[in-house]
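Participant: Just passing along the structure, written as structure tokens.
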Amino acid sequence: MGSSPLAAALRDTDFDEVELVGFDPRGQRSFYTGGSYGVGWSRLLETDERARLRDLIGALPSGVSARCHMPPFGLLFGTPPREVHVSLCFRCNNAYVDRELVAFDAGSPEAQELLAFLRSRIPGGWSSEE
């Protein structure tokens, strides 16, 4: 994995099972990374999608945190008891890896490519607002 701050925070994380999560305050299931978010939908990523996600995370440049953290997406890596929760906010440059804040440059071409990748996996009828 690359040398981005987010990649460094996920260095020992298991990418063999990754669940992409879309947040919705009305969600019945909770997702916690320092804040609690309702889960509107989720889907497991296929092997090729996990490899692409790993590359995209590795390419993210560091950024400056703006602190709003209204994430549209989460990622759940691995399975209990070693699961890792990540929430991504493309408005404030923040990712929380469990409870650790990691800033990335959300306006960078690399982050926009990650955002496009995540959006392309959204189920019909749901949209993100960042």
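In the structure tokens, chains take letters A, B, ... by order of appearance, with residues numbered from 1 within each chain and ligands from 1 in the order shown.
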Return as a PDB file with N, CA and C atoms, in the first residue's frame the full set of residues in region 26-115 of chain A whose backbone-based DSSP assignment is alpha helix (DSSP H).
Facilitator:
ATOM      1  N   THR A  47     -13.085  -8.941  -5.025  1.00  0.00           N
ATOM      2  CA  THR A  47     -11.620  -8.967  -4.968  1.00  0.00           C
ATOM      3  C   THR A  47     -10.994  -7.830  -5.770  1.00  0.00           C
ATOM      4  N   ASP A  48     -11.441  -7.620  -7.008  1.00  0.00           N
ATOM      5  CA  ASP A  48     -10.856  -6.559  -7.833  1.00  0.00           C
ATOM      6  C   ASP A  48     -11.185  -5.172  -7.282  1.00  0.00           C
ATOM      7  N   GLU A  49     -12.356  -5.010  -6.700  1.00  0.00           N
ATOM      8  CA  GLU A  49     -12.733  -3.738  -6.093  1.00  0.00           C
ATOM      9  C   GLU A  49     -11.878  -3.443  -4.861  1.00  0.00           C
ATOM     10  N   ARG A  50     -11.599  -4.471  -4.072  1.00  0.00           N
ATOM     11  CA  ARG A  50     -10.750  -4.291  -2.881  1.00  0.00           C
ATOM     12  C   ARG A  50      -9.335  -3.894  -3.294  1.00  0.00           C
ATOM     13  N   ALA A  51      -8.829  -4.494  -4.352  1.00  0.00           N
ATOM     14  CA  ALA A  51      -7.491  -4.144  -4.831  1.00  0.00           C
ATOM     15  C   ALA A  51      -7.457  -2.693  -5.319  1.00  0.00           C
ATOM     16  N   ARG A  52      -8.486  -2.277  -6.045  1.00  0.00           N
ATOM     17  CA  ARG A  52      -8.568  -0.897  -6.540  1.00  0.00           C
ATOM     18  C   ARG A  52      -8.686   0.079  -5.363  1.00  0.00           C
ATOM     19  N   LEU A  53      -9.504  -0.251  -4.376  1.00  0.00           N
ATOM     20  CA  LEU A  53      -9.655   0.584  -3.193  1.00  0.00           C
ATOM     21  C   LEU A  53      -8.314   0.758  -2.488  1.00  0.00           C
ATOM     22  N   ARG A  54      -7.585  -0.312  -2.343  1.00  0.00           N
ATOM     23  CA  ARG A  54      -6.270  -0.264  -1.681  1.00  0.00           C
ATOM     24  C   ARG A  54      -5.336   0.689  -2.431  1.00  0.00           C
ATOM     25  N   ASP A  55      -5.328   0.609  -3.765  1.00  0.00           N
ATOM     26  CA  ASP A  55      -4.489   1.499  -4.569  1.00  0.00           C
ATOM     27  C   ASP A  55      -4.916   2.961  -4.416  1.00  0.00           C
ATOM     28  N   LEU A  56      -6.219   3.200  -4.442  1.00  0.00           N
ATOM     29  CA  LEU A  56      -6.728   4.569  -4.319  1.00  0.00           C
ATOM     30  C   LEU A  56      -6.404   5.167  -2.954  1.00  0.00           C
ATOM     31  N   ILE A  57      -6.555   4.396  -1.901  1.00  0.00           N
ATOM     32  CA  ILE A  57      -6.204   4.862  -0.556  1.00  0.00           C
ATOM     33  C   ILE A  57      -4.714   5.151  -0.470  1.00  0.00           C
ATOM     34  N   GLY A  58      -3.913   4.292  -1.067  1.00  0.00           N
ATOM     35  CA  GLY A  58      -2.458   4.479  -1.039  1.00  0.00           C
ATOM     36  C   GLY A  58      -1.991   5.735  -1.749  1.00  0.00           C
ATOM     37  N   ALA A  59      -2.781   6.232  -2.693  1.00  0.00           N
ATOM     38  CA  ALA A  59      -2.399   7.410  -3.474  1.00  0.00           C
ATOM     39  C   ALA A  59      -2.870   8.723  -2.864  1.00  0.00           C
ATOM     40  N   PRO A 109      -6.887  15.326  -7.112  1.00  0.00           N
ATOM     41  CA  PRO A 109      -7.364  14.383  -8.136  1.00  0.00           C
ATOM     42  C   PRO A 109      -7.463  12.945  -7.606  1.00  0.00           C
ATOM     43  N   GLU A 110      -6.534  12.578  -6.732  1.00  0.00           N
ATOM     44  CA  GLU A 110      -6.549  11.223  -6.174  1.00  0.00           C
ATOM     45  C   GLU A 110      -7.790  10.995  -5.311  1.00  0.00           C
ATOM     46  N   ALA A 111      -8.143  11.986  -4.480  1.00  0.00           N
ATOM     47  CA  ALA A 111      -9.332  11.862  -3.631  1.00  0.00           C
ATOM     48  C   ALA A 111     -10.598  11.882  -4.483  1.00  0.00           C
ATOM     49  N   GLN A 112     -10.612  12.691  -5.525  1.00  0.00           N
ATOM     50  CA  GLN A 112     -11.776  12.731  -6.404  1.00  0.00           C
ATOM     51  C   GLN A 112     -11.948  11.408  -7.148  1.00  0.00           C
ATOM     52  N   GLU A 113     -10.841  10.751  -7.448  1.00  0.00           N
ATOM     53  CA  GLU A 113     -10.909   9.425  -8.063  1.00  0.00           C
ATOM     54  C   GLU A 113     -11.469   8.404  -7.073  1.00  0.00           C
ATOM     55  N   LEU A 114     -11.062   8.493  -5.813  1.00  0.00           N
ATOM     56  CA  LEU A 114     -11.617   7.617  -4.773  1.00  0.00           C
ATOM     57  C   LEU A 114     -13.110   7.879  -4.616  1.00  0.00           C
ATOM     58  N   LEU A 115     -13.509   9.151  -4.571  1.00  0.00           N
ATOM     59  CA  LEU A 115     -14.920   9.494  -4.440  1.00  0.00           C
ATOM     60  C   LEU A 115     -15.729   8.942  -5.621  1.00  0.00           C
TER      61      LEU A 115
END
Participant: Apply DSSP to the backbone of this structure and, from region 14-67 of chain A, keep only the residues in strand (DSSP E); write these as a list in words.
Facilitator: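 Matching residues for strand (DSSP E) in region 14-67 of chain A are Val18, Glu19, Leu20, Val21, Gly22, Phe23, Arg29, Ser30, Phe31, Tyr32, Ser36, Tyr37, Gly38, Val39, Gly40, Trp41, Ser42, Arg43 and Leu44 of chain A.
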Participant: Would you put the residues from that selection into a file with C-alpha atoms, as a compact mmCIF listing (two decimals), in the first residue's frame?
Facilitator:
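Saved file part-v9.txt follows:
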# COMPACT_ATOMS: atom_id res chain seq x y z
CA VAL A 18 -14.28 -4.96 2.92
CA GLU A 19 -17.82 -3.70 3.30
CA LEU A 20 -18.73 -0.33 1.75
CA VAL A 21 -21.37 1.50 3.79
CA GLY A 22 -23.60 4.45 2.91
CA PHE A 23 -24.75 6.53 5.86
CA ARG A 29 -27.67 -0.39 12.15
CA SER A 30 -24.98 1.85 13.70
CA PHE A 31 -21.46 2.45 12.48
CA TYR A 32 -19.04 4.00 14.97
CA SER A 36 -22.13 7.17 15.39
CA TYR A 37 -23.75 6.98 11.95
CA GLY A 38 -26.83 5.13 10.78
CA VAL A 39 -26.26 2.66 7.97
CA GLY A 40 -28.56 3.20 4.98
CA TRP A 41 -27.06 0.44 2.85
CA SER A 42 -23.96 -1.70 2.57
CA ARG A 43 -22.32 -4.09 0.17
CA LEU A 44 -19.27 -6.32 0.21
Participant: In Å, how far is it from CA of Leu75 (chain A) to CA of Ser3 (chain A)?
Facilitator: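 These two atoms are separated by 19.1 Å.
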Participant: Do a neighbour search on Pro72 (chain A) at 9 Å with only C-alpha atoms, toss out local chain neighbours closer than 3 positions, and write the hits as a PyMOL selection string.
Facilitator: chain A and resi 21-24+87-90+127-130
Participant: Mind giving me the straight-line distance from CA of Asp14 (chain A) to CA of Thr33 (chain A) in Å, one decimal?
Facilitator: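 Distance between the two atoms: 17.2 Å.
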Participant: Return the single residue from A:Gly27, A:Glu46, A:Gly35, A:Val84 that is closest to Asp12 (chain A), with distances computed using only C-alpha atoms.
Facilitator: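 Ranked by minimum distance to Asp12 (chain A), first place goes to A:Val84.
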Participant: Suppose you want the space between CA of Ala66 (chain A) and CA of Asn93 (chain A); what is it in Å?
Facilitator: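 A separation of 6.6 Å between them.
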Participant: Calculated over only C-alpha atoms, which of the candidates A:Arg26, A:Leu6, A:Ser65, A:Phe15 has the smallest distance to Thr79 (chain A)?
Facilitator: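 Smallest distance to Thr79 (chain A) is found for A:Phe15.
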Participant: Determine the nearest neighbour of Arg67 (chain A) from the options A:Arg99, A:Asn94, A:Arg82, A:Ala9, counting only C-alpha atoms.
Facilitator: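 Nearest to Arg67 (chain A): A:Asn94.
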Participant: I need the residue nearest Ser4 (chain A) from this list: A:Leu60, A:Cys68, A:Ala95, A:Leu118. Use only C-alpha atoms for the distance.
Facilitator: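 Once distances to Ser4 (chain A) are computed over only C-alpha atoms, the minimum belongs to A:Leu60.
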